[in-house]
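Pasted below: data_21.tsv, TSV, C-alpha atoms.
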chain	number	residue	atom	x	y	z
S	1	GLN	CA	12.87	1.09	-16.20
S	2	ALA	CA	13.84	4.29	-14.34
S	3	SER	CA	10.24	4.88	-13.30
S	4	SER	CA	9.90	1.33	-11.99
S	5	THR	CA	13.16	1.60	-10.05
S	6	PHE	CA	12.12	4.94	-8.59
S	7	LYS	CA	8.79	3.56	-7.37
S	8	THR	CA	10.56	0.61	-5.75
S	9	TYR	CA	12.52	2.91	-3.45
S	10	ASP	CA	9.89	5.63	-3.00
S	11	GLU	CA	8.42	3.66	-0.12
S	12	ASP	CA	6.19	6.43	1.25
S	13	GLY	CA	4.86	7.20	-2.24
S	14	ASP	CA	5.38	10.97	-1.98
S	15	GLY	CA	7.17	11.31	-5.33
S	16	PHE	CA	10.59	11.95	-3.75
S	17	LEU	CA	13.51	9.83	-2.59
S	18	ASN	CA	14.33	11.06	0.91
S	19	ARG	CA	17.58	10.41	2.79
S	20	GLU	CA	16.61	6.96	4.06
S	21	GLU	CA	15.32	5.94	0.63
S	22	VAL	CA	18.56	7.15	-1.00
S	23	LEU	CA	20.55	5.03	1.49
S	24	ALA	CA	18.44	2.00	0.53
S	25	TYR	CA	18.91	2.79	-3.17
S	26	ALA	CA	22.70	3.10	-2.79
S	27	LYS	CA	22.96	-0.11	-0.79
S	28	THR	CA	20.79	-2.25	-3.06
S	29	GLU	CA	21.79	-0.85	-6.47
S	30	PHE	CA	25.49	-0.13	-5.74
S	31	ASN	CA	26.22	-2.38	-2.73
S	32	LEU	CA	27.47	0.78	-1.05
S	33	ASP	CA	26.98	1.81	2.56
S	34	LEU	CA	26.85	5.49	1.69
S	35	PRO	CA	28.90	7.46	4.26
S	36	SER	CA	27.00	10.22	6.05
S	37	GLU	CA	29.39	12.88	4.70
S	38	SER	CA	28.76	11.69	1.13
S	39	LEU	CA	24.99	11.66	1.72
S	40	ASP	CA	25.14	15.19	3.15
S	41	ARG	CA	27.17	16.38	0.16
S	42	ILE	CA	24.79	14.79	-2.36
S	43	PHE	CA	21.75	16.45	-0.80
S	44	ARG	CA	23.55	19.77	-0.37
S	45	GLN	CA	24.66	19.88	-4.01
S	46	LEU	CA	21.64	18.38	-5.77
S	47	VAL	CA	18.55	19.03	-3.63
S	48	ALA	CA	17.20	22.55	-3.20
S	49	PRO	CA	16.49	23.74	0.36
S	50	GLY	CA	13.00	22.81	1.51
S	51	VAL	CA	12.61	20.04	-1.09
S	52	ALA	CA	11.88	16.56	0.31
S	53	GLY	CA	14.44	14.78	-1.86
S	54	PHE	CA	15.08	13.53	-5.41
S	55	LYS	CA	12.29	13.42	-7.96
S	56	LEU	CA	12.25	10.90	-10.80
S	57	ALA	CA	13.67	13.49	-13.22
S	58	LYS	CA	16.84	13.72	-11.10
S	59	LEU	CA	17.38	9.97	-10.67
S	60	GLN	CA	20.25	9.93	-13.19
S	61	GLN	CA	21.99	12.74	-11.31
S	62	LEU	CA	21.59	10.74	-8.11
S	63	ARG	CA	23.08	7.66	-9.78
S	64	SER	CA	26.09	9.67	-10.92
S	65	ALA	CA	26.62	11.16	-7.45
S	66	ILE	CA	26.45	7.74	-5.78
S	67	GLY	CA	28.85	6.39	-8.41
S	68	ILE	CA	31.34	9.11	-7.44
S	69	ALA	CA	30.95	8.24	-3.76
S	70	GLN	CA	31.53	4.57	-4.59
S	71	HIS	CA	34.69	5.43	-6.54
S	72	GLU	CA	35.95	7.49	-3.59
S	73	ALA	CA	35.34	4.60	-1.18
S	74	ARG	CA	37.29	2.22	-3.43
S	75	GLY	CA	40.12	4.74	-3.73
S	76	ARG	CA	40.44	5.04	0.03
S	77	LEU	CA	40.64	1.26	0.30
S	78	LYS	CA	43.29	0.93	-2.41
S	79	ARG	CA	45.55	3.53	-0.78
S	80	MET	CA	45.79	1.44	2.39
S	81	PRO	CA	48.86	-0.83	2.88
S	82	SER	CA	48.05	-4.42	1.88
S	83	ASP	CA	48.10	-5.86	5.40
S	84	GLU	CA	46.02	-2.99	6.73
S	85	ARG	CA	43.62	-3.32	3.80
S	86	GLU	CA	43.22	-7.05	4.48
S	87	LYS	CA	42.53	-6.45	8.16
S	88	HIS	CA	40.14	-3.68	7.25
S	89	MET	CA	38.25	-5.92	4.83
S	90	GLU	CA	38.06	-8.77	7.36
S	91	ALA	CA	36.80	-6.38	10.02
S	92	GLN	CA	34.29	-4.98	7.57
S	93	LYS	CA	33.08	-8.48	6.70
S	94	ALA	CA	32.64	-9.47	10.33
S	95	ALA	CA	30.90	-6.21	11.14
S	96	ARG	CA	28.70	-6.61	8.09
S	97	GLU	CA	27.68	-10.13	9.08
S	98	ALA	CA	26.76	-8.93	12.56
S	99	VAL	CA	24.74	-6.04	11.16
S	100	VAL	CA	22.94	-8.32	8.69
S	101	ALA	CA	22.08	-10.82	11.42
S	102	GLU	CA	20.73	-8.09	13.69
S	103	LYS	CA	18.74	-6.38	10.95
S	104	ARG	CA	17.31	-9.67	9.73
S	105	LYS	CA	16.24	-10.51	13.29
S	106	ARG	CA	14.56	-7.10	13.59
S	107	SER	CA	12.85	-7.41	10.20
S	108	GLU	CA	11.59	-10.90	11.00
S	109	ALA	CA	10.18	-9.68	14.32
S	110	SER	CA	8.40	-6.83	12.51
S	111	MET	CA	6.99	-9.28	9.97
S	112	GLU	CA	5.74	-11.63	12.70
S	113	ASP	CA	4.02	-8.74	14.50
S	114	PHE	CA	2.53	-7.63	11.19
S	115	ALA	CA	1.19	-11.12	10.45
S	116	GLU	CA	-0.43	-11.30	13.91
S	117	GLU	CA	-2.09	-7.91	13.46
S	118	MET	CA	-3.35	-8.98	10.05
S	119	LYS	CA	-5.29	-11.81	11.73
S	120	ALA	CA	-7.31	-9.20	13.64
S	121	VAL	CA	-7.75	-7.16	10.47
S	122	ASP	CA	-8.98	-10.27	8.64
S	123	LYS	CA	-11.77	-10.55	11.20
S	124	ARG	CA	-12.76	-6.95	10.43
S	125	VAL	CA	-12.79	-7.74	6.71
S	126	GLU	CA	-15.00	-10.79	7.31
S	127	GLU	CA	-17.34	-8.67	9.45
S	128	ALA	CA	-17.52	-6.07	6.69
S	129	GLU	CA	-18.32	-8.69	4.05
S	130	ARG	CA	-21.08	-10.19	6.26
S	131	SER	CA	-22.56	-6.73	6.74
S	132	ILE	CA	-22.64	-6.17	2.98
S	133	ALA	CA	-24.10	-9.63	2.34
S	134	ASP	CA	-26.86	-9.01	4.91
S	135	PHE	CA	-27.74	-5.69	3.32
S	136	SER	CA	-27.69	-7.13	-0.19
S	137	GLY	CA	-30.00	-9.95	0.88
S	138	THR	CA	-32.62	-7.69	2.45
S	139	ALA	CA	-32.34	-4.48	0.42
S	140	ALA	CA	-35.04	-5.49	-2.04
S	141	GLU	CA	-37.58	-5.85	0.80
S	142	LEU	CA	-36.82	-2.50	2.45
S	143	GLN	CA	-38.91	0.64	2.15
S	144	ILE	CA	-37.34	3.20	-0.16
S	145	SER	CA	-37.13	5.68	2.71
S	146	ALA	CA	-35.10	3.20	4.77
S	147	LEU	CA	-32.58	2.34	2.04
S	148	PRO	CA	-30.10	5.24	2.53
S	149	GLU	CA	-29.76	4.72	6.28
S	150	LYS	CA	-29.44	0.93	5.97
S	151	ALA	CA	-26.83	1.36	3.24
S	152	ARG	CA	-24.82	3.72	5.47
S	153	GLU	CA	-25.00	1.23	8.33
S	154	ALA	CA	-23.82	-1.57	6.04
S	155	VAL	CA	-20.67	0.27	4.96
S	156	VAL	CA	-19.57	1.30	8.48
S	157	PRO	CA	-17.63	-1.97	8.98
S	158	VAL	CA	-16.20	-1.59	5.47
S	159	ARG	CA	-14.84	1.86	6.28
S	160	ALA	CA	-13.39	0.62	9.58
S	161	ALA	CA	-11.66	-2.32	7.90
S	162	SER	CA	-10.36	-0.07	5.10
S	163	ASP	CA	-8.83	2.33	7.63
S	164	GLU	CA	-7.09	-0.58	9.35
S	165	LEU	CA	-5.77	-1.91	6.04
S	166	GLU	CA	-4.45	1.50	5.01
S	167	ARG	CA	-2.60	1.64	8.33
S	168	MET	CA	-1.20	-1.84	7.68
S	169	GLN	CA	-0.18	-0.78	4.20
S	170	LYS	CA	1.95	1.99	5.70
S	171	ARG	CA	3.48	-0.52	8.11
S	172	ILE	CA	4.47	-2.97	5.38
S	173	ARG	CA	6.00	-0.11	3.40
S	174	SER	CA	8.13	0.67	6.44
S	175	ILE	CA	9.15	-3.00	6.71
S	176	ARG	CA	10.04	-3.04	3.02
S	177	LEU	CA	12.17	0.07	3.39
S	178	GLU	CA	13.97	-1.38	6.40
S	179	ALA	CA	14.77	-4.54	4.44
S	180	CYS	CA	15.98	-2.51	1.44
S	181	LEU	CA	18.57	-0.79	3.62
S	182	THR	CA	20.43	-4.11	3.88
S	183	ARG	CA	20.94	-5.95	0.60
S	184	GLU	CA	21.36	-9.37	2.19
S	185	VAL	CA	18.22	-8.97	4.28
S	186	LYS	CA	16.27	-7.90	1.23
S	187	GLU	CA	17.49	-10.93	-0.73
S	188	GLN	CA	16.57	-13.29	2.12
S	189	LEU	CA	13.20	-11.86	3.14
S	190	TRP	CA	11.85	-10.10	0.05
S	191	PRO	CA	9.51	-12.92	-1.12
S	192	GLU	CA	7.84	-13.06	2.30
S	193	ILE	CA	7.57	-9.28	2.50
S	194	ILE	CA	5.96	-9.11	-0.94
S	195	GLN	CA	3.54	-11.87	0.07
S	196	LEU	CA	2.48	-9.82	3.12
S	197	SER	CA	2.18	-6.69	1.00
S	198	ASN	CA	0.10	-8.47	-1.63
S	199	GLY	CA	-2.19	-9.75	1.12
S	200	VAL	CA	-3.01	-6.18	2.12
S	201	VAL	CA	-3.64	-5.19	-1.51
S	202	LYS	CA	-5.91	-8.22	-2.00
S	203	ARG	CA	-7.99	-7.40	1.08
S	204	LEU	CA	-8.34	-3.76	0.03
S	205	ALA	CA	-9.62	-4.97	-3.34
S	206	GLN	CA	-12.15	-7.19	-1.52
S	207	LEU	CA	-13.44	-4.19	0.42
S	208	ARG	CA	-13.70	-2.05	-2.71
S	209	GLU	CA	-15.75	-4.82	-4.28
S	210	ALA	CA	-17.94	-4.98	-1.15
S	211	ASP	CA	-18.42	-1.22	-1.27
S	212	ALA	CA	-19.51	-1.47	-4.90
S	213	THR	CA	-21.92	-4.27	-3.95
S	214	VAL	CA	-23.77	-1.89	-1.61
S	215	ILE	CA	-24.27	0.58	-4.43
S	216	LEU	CA	-25.49	-2.14	-6.80
S	217	ALA	CA	-27.83	-3.63	-4.19
S	218	ARG	CA	-29.28	-0.21	-3.42
S	219	GLN	CA	-29.79	0.52	-7.11
S	220	ALA	CA	-31.41	-2.87	-7.64
S	221	ALA	CA	-33.72	-2.31	-4.66
S	222	LEU	CA	-34.72	1.11	-5.96
S	223	SER	CA	-35.32	-0.36	-9.41
S	224	LYS	CA	-37.59	-3.06	-7.97
S	225	ALA	CA	-39.43	-0.49	-5.87
S	226	HIS	CA	-40.04	1.61	-8.96
S	227	GLU	CA	-41.25	-1.47	-10.81
S	228	ARG	CA	-43.71	-2.21	-7.98
S	229	PHE	CA	-44.85	1.39	-8.04
S	230	ASP	CA	-45.34	1.34	-11.81
S	231	ALA	CA	-47.27	-1.93	-11.58
S	232	LEU	CA	-49.48	-0.52	-8.81
S	233	ARG	CA	-50.08	2.66	-10.78
S	234	ALA	CA	-50.99	0.66	-13.87
S	235	GLU	CA	-53.39	-1.43	-11.79
S	236	VAL	CA	-55.03	1.69	-10.32
S	237	VAL	CA	-55.30	3.31	-13.75
S	238	GLY	CA	-56.86	0.13	-15.14
S	239	LYS	CA	-59.42	-0.03	-12.37
S	240	LEU	CA	-60.27	3.65	-12.78
S	241	ARG	CA	-60.72	3.17	-16.50
S	242	THR	CA	-63.00	0.19	-15.90
S	243	CYS	CA	-65.00	2.19	-13.36
S	244	ILE	CA	-65.33	5.17	-15.68
S	245	GLU	CA	-66.41	2.96	-18.59
S	246	ALA	CA	-69.00	1.24	-16.39
S	247	THR	CA	-70.33	4.62	-15.22
S	248	ASP	CA	-70.55	5.84	-18.83
S	249	ARG	CA	-72.56	2.76	-19.82
S	250	GLN	CA	-74.98	3.23	-16.95
S	251	ALA	CA	-75.44	6.88	-17.90
S	252	ALA	CA	-76.18	5.90	-21.50
Using structure tokens, write down the structure from this file.
Amino acid sequence: QASSTFKTYDEDGDGFLNREEVLAYAKTEFNLDLPSESLDRIFRQLVAPGVAGFKLAKLQQLRSAIGIAQHEARGRLKRMPSDEREKHMEAQKAAREAVVAEKRKRSEASMEDFAEEMKAVDKRVEEAERSIADFSGTAAELQISALPEKAREAVVPVRAASDELERMQKRIRSIRLEACLTREVKEQLWPEIIQLSNGVVKRLAQLREADATVILARQAALSKAHERFDALRAEVVGKLRTCIEATDRQAA
């Protein structure tokens, strides 16, 4: 469970929870807008200088530290006079609603831009798959000497599309992290974000399959070429044997 939770918030996949990822973790898991002074204290006390953030092994320590910060925030609220506390809570609610609306608008705009860019990437993926299909269909007829170069040419579009998808994968991670920073936005938009993320993963899998197809087609072409060579050699050997036998009979 801890490992799964850690991976959810380790958006850049570097094995650490950095400051932004800790803020997202605190907001989503504790419903706490972690104050900057509390965040500074947590990193100062628990993260060694030069280290990027919290590793999985220190997740429980992080949970405890955020729990303390949450208790402190509740204590400050309780110490307020009742009328001041009520006004404070109403102001917080209004401010929160405004923040949620703005962040949702920004996340939706990012998602729309992402979806539009994916249309262009889809064309690259289709081009890559056509290139692989063309190579696979003609590989068996190519000269052995031409196979390596033709195979390299076939995978050029695959590499280009893969690079684009890896860039898009980083973008969707950034969108996911932005949504995680606001619990309400995450709840509202998470299914769509996951759908976009899964689309990138699916297309990357398609390209890996296409890449493997090039290797298989090249191997099949080489195998057929060797079969043709073996058949030709057997034919030549048979003819030589027949010729030698005929010569021997004439000599006798």
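Proximity to Ser174 of chain S was assessed for S:Leu59, S:Lys123, S:Ala48, S:Glu21 counting only C-alpha atoms; the smallest distance is recorded for S:Glu21.
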Residue neighbourhood Glu97 of chain S, 12 Å, all atoms listed in the file, exclusion window fewer than 5 positions, as a list in words: Glu90, Ala91, Gln92, Glu102, Lys103, Arg104, Thr182, Arg183, Glu184 and Val185 of chain S
Separating atom CA of Ile66 of chain S from atom CA of Ile42 of chain S, to the nearest tenth of an Å, is a gap of 8.0 Å
So which residues touch Arg19 of chain S within 10 Å, counting all atoms listed in the file, skipping near sequence neighbours fewer than 5 positions away, as a PyMOL selection string? chain S and resi 24-25+36+39-40+42-43+52-54
Save the residues we just selected, C-alpha atoms, as a PDB file, keeping the file's coordinate frame?
ATOM      1  CA  ALA S  24      18.440   2.000   0.530  1.00  0.00           C
ATOM      2  CA  TYR S  25      18.910   2.790  -3.170  1.00  0.00           C
ATOM      3  CA  SER S  36      27.000  10.220   6.050  1.00  0.00           C
ATOM      4  CA  LEU S  39      24.990  11.660   1.720  1.00  0.00           C
ATOM      5  CA  ASP S  40      25.140  15.190   3.150  1.00  0.00           C
ATOM      6  CA  ILE S  42      24.790  14.790  -2.360  1.00  0.00           C
ATOM      7  CA  PHE S  43      21.750  16.450  -0.800  1.00  0.00           C
ATOM      8  CA  ALA S  52      11.880  16.560   0.310  1.00  0.00           C
ATOM      9  CA  GLY S  53      14.440  14.780  -1.860  1.00  0.00           C
ATOM     10  CA  PHE S  54      15.080  13.530  -5.410  1.00  0.00           C
TER      11      PHE S  54
END
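Relative to atom CA of Arg41 of chain S, atom CA of Thr5 of chain S is found at 22.8 Å.
The smallest atom-to-atom distance between Arg74 of chain S and any of S:Leu32, S:Ala151, S:Cys180, S:Ile215, using only C-alpha atoms, is found for S:Leu32.
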Please reconstruct the missing atoms of segment 142-153 of chain S (target: all heavy atoms) and return them as a PDB file, in the frame of the given file.
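Generated output (out20.pdb):
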ATOM      1  N   LEU S 142     -36.751  -3.700   1.621  1.00  0.00           N
ATOM      2  CA  LEU S 142     -36.820  -2.500   2.450  1.00  0.00           C
ATOM      3  C   LEU S 142     -37.671  -1.414   1.794  1.00  0.00           C
ATOM      4  O   LEU S 142     -37.820  -1.361   0.566  1.00  0.00           O
ATOM      5  CB  LEU S 142     -35.408  -1.943   2.683  1.00  0.00           C
ATOM      6  CG  LEU S 142     -34.460  -2.810   3.508  1.00  0.00           C
ATOM      7  CD1 LEU S 142     -33.050  -2.213   3.480  1.00  0.00           C
ATOM      8  CD2 LEU S 142     -34.952  -2.934   4.951  1.00  0.00           C
ATOM      9  N   GLN S 143     -38.237  -0.552   2.658  1.00  0.00           N
ATOM     10  CA  GLN S 143     -38.910   0.640   2.150  1.00  0.00           C
ATOM     11  C   GLN S 143     -37.865   1.576   1.548  1.00  0.00           C
ATOM     12  O   GLN S 143     -36.727   1.647   2.022  1.00  0.00           O
ATOM     13  CB  GLN S 143     -39.650   1.354   3.287  1.00  0.00           C
ATOM     14  CG  GLN S 143     -40.776   0.551   3.918  1.00  0.00           C
ATOM     15  CD  GLN S 143     -41.941   0.359   2.957  1.00  0.00           C
ATOM     16  OE1 GLN S 143     -42.246   1.237   2.146  1.00  0.00           O
ATOM     17  NE2 GLN S 143     -42.584  -0.806   3.044  1.00  0.00           N
ATOM     18  N   ILE S 144     -38.282   2.291   0.493  1.00  0.00           N
ATOM     19  CA  ILE S 144     -37.340   3.200  -0.160  1.00  0.00           C
ATOM     20  C   ILE S 144     -36.762   4.197   0.835  1.00  0.00           C
ATOM     21  O   ILE S 144     -35.570   4.512   0.815  1.00  0.00           O
ATOM     22  CB  ILE S 144     -38.022   3.945  -1.327  1.00  0.00           C
ATOM     23  CG1 ILE S 144     -38.357   2.948  -2.449  1.00  0.00           C
ATOM     24  CG2 ILE S 144     -37.109   5.047  -1.865  1.00  0.00           C
ATOM     25  CD1 ILE S 144     -39.037   3.577  -3.637  1.00  0.00           C
ATOM     26  N   SER S 145     -37.571   4.683   1.740  1.00  0.00           N
ATOM     27  CA  SER S 145     -37.130   5.680   2.710  1.00  0.00           C
ATOM     28  C   SER S 145     -36.069   5.135   3.655  1.00  0.00           C
ATOM     29  O   SER S 145     -35.265   5.893   4.203  1.00  0.00           O
ATOM     30  CB  SER S 145     -38.322   6.195   3.517  1.00  0.00           C
ATOM     31  OG  SER S 145     -38.945   5.111   4.206  1.00  0.00           O
ATOM     32  N   ALA S 146     -36.056   3.809   3.845  1.00  0.00           N
ATOM     33  CA  ALA S 146     -35.100   3.200   4.770  1.00  0.00           C
ATOM     34  C   ALA S 146     -33.785   2.815   4.094  1.00  0.00           C
ATOM     35  O   ALA S 146     -32.797   2.542   4.783  1.00  0.00           O
ATOM     36  CB  ALA S 146     -35.715   1.961   5.415  1.00  0.00           C
ATOM     37  N   LEU S 147     -33.760   2.797   2.765  1.00  0.00           N
ATOM     38  CA  LEU S 147     -32.580   2.340   2.040  1.00  0.00           C
ATOM     39  C   LEU S 147     -31.308   3.147   2.355  1.00  0.00           C
ATOM     40  O   LEU S 147     -30.259   2.555   2.640  1.00  0.00           O
ATOM     41  CB  LEU S 147     -32.837   2.356   0.537  1.00  0.00           C
ATOM     42  CG  LEU S 147     -33.444   1.083  -0.056  1.00  0.00           C
ATOM     43  CD1 LEU S 147     -33.776   1.300  -1.527  1.00  0.00           C
ATOM     44  CD2 LEU S 147     -32.478  -0.084   0.085  1.00  0.00           C
ATOM     45  N   PRO S 148     -31.344   4.481   2.300  1.00  0.00           N
ATOM     46  CA  PRO S 148     -30.100   5.240   2.530  1.00  0.00           C
ATOM     47  C   PRO S 148     -29.471   4.948   3.891  1.00  0.00           C
ATOM     48  O   PRO S 148     -28.258   4.728   3.983  1.00  0.00           O
ATOM     49  CB  PRO S 148     -30.550   6.696   2.412  1.00  0.00           C
ATOM     50  CG  PRO S 148     -31.769   6.657   1.562  1.00  0.00           C
ATOM     51  CD  PRO S 148     -32.454   5.388   1.931  1.00  0.00           C
ATOM     52  N   GLU S 149     -30.287   4.946   4.940  1.00  0.00           N
ATOM     53  CA  GLU S 149     -29.760   4.720   6.280  1.00  0.00           C
ATOM     54  C   GLU S 149     -29.192   3.297   6.411  1.00  0.00           C
ATOM     55  O   GLU S 149     -28.112   3.085   6.990  1.00  0.00           O
ATOM     56  CB  GLU S 149     -30.848   4.942   7.327  1.00  0.00           C
ATOM     57  CG  GLU S 149     -30.386   4.752   8.762  1.00  0.00           C
ATOM     58  CD  GLU S 149     -29.273   5.698   9.153  1.00  0.00           C
ATOM     59  OE1 GLU S 149     -29.180   6.803   8.577  1.00  0.00           O
ATOM     60  OE2 GLU S 149     -28.467   5.326  10.026  1.00  0.00           O
ATOM     61  N   LYS S 150     -29.913   2.312   5.890  1.00  0.00           N
ATOM     62  CA  LYS S 150     -29.440   0.930   5.970  1.00  0.00           C
ATOM     63  C   LYS S 150     -28.146   0.744   5.166  1.00  0.00           C
ATOM     64  O   LYS S 150     -27.257  -0.018   5.571  1.00  0.00           O
ATOM     65  CB  LYS S 150     -30.517  -0.023   5.453  1.00  0.00           C
ATOM     66  CG  LYS S 150     -31.739  -0.130   6.363  1.00  0.00           C
ATOM     67  CD  LYS S 150     -31.361  -0.707   7.715  1.00  0.00           C
ATOM     68  CE  LYS S 150     -32.593  -0.899   8.597  1.00  0.00           C
ATOM     69  NZ  LYS S 150     -32.218  -1.436   9.939  1.00  0.00           N
ATOM     70  N   ALA S 151     -28.058   1.438   4.042  1.00  0.00           N
ATOM     71  CA  ALA S 151     -26.830   1.360   3.240  1.00  0.00           C
ATOM     72  C   ALA S 151     -25.652   1.962   3.995  1.00  0.00           C
ATOM     73  O   ALA S 151     -24.548   1.403   3.996  1.00  0.00           O
ATOM     74  CB  ALA S 151     -27.027   2.080   1.905  1.00  0.00           C
ATOM     75  N   ARG S 152     -25.890   3.101   4.668  1.00  0.00           N
ATOM     76  CA  ARG S 152     -24.820   3.720   5.470  1.00  0.00           C
ATOM     77  C   ARG S 152     -24.381   2.796   6.599  1.00  0.00           C
ATOM     78  O   ARG S 152     -23.195   2.669   6.886  1.00  0.00           O
ATOM     79  CB  ARG S 152     -25.287   5.065   6.018  1.00  0.00           C
ATOM     80  CG  ARG S 152     -25.252   6.196   5.008  1.00  0.00           C
ATOM     81  CD  ARG S 152     -25.440   7.538   5.673  1.00  0.00           C
ATOM     82  NE  ARG S 152     -26.776   7.693   6.240  1.00  0.00           N
ATOM     83  CZ  ARG S 152     -27.814   8.209   5.578  1.00  0.00           C
ATOM     84  NH1 ARG S 152     -27.660   8.608   4.316  1.00  0.00           N
ATOM     85  NH2 ARG S 152     -28.993   8.316   6.139  1.00  0.00           N
ATOM     86  N   GLU S 153     -25.335   2.156   7.244  1.00  0.00           N
ATOM     87  CA  GLU S 153     -25.000   1.230   8.330  1.00  0.00           C
ATOM     88  C   GLU S 153     -24.179   0.048   7.807  1.00  0.00           C
ATOM     89  O   GLU S 153     -23.254  -0.425   8.478  1.00  0.00           O
ATOM     90  CB  GLU S 153     -26.279   0.713   8.983  1.00  0.00           C
ATOM     91  CG  GLU S 153     -27.039   1.765   9.782  1.00  0.00           C
ATOM     92  CD  GLU S 153     -28.346   1.215  10.329  1.00  0.00           C
ATOM     93  OE1 GLU S 153     -28.641   0.024  10.110  1.00  0.00           O
ATOM     94  OE2 GLU S 153     -29.092   1.985  10.968  1.00  0.00           O
TER      95      GLU S 153
END
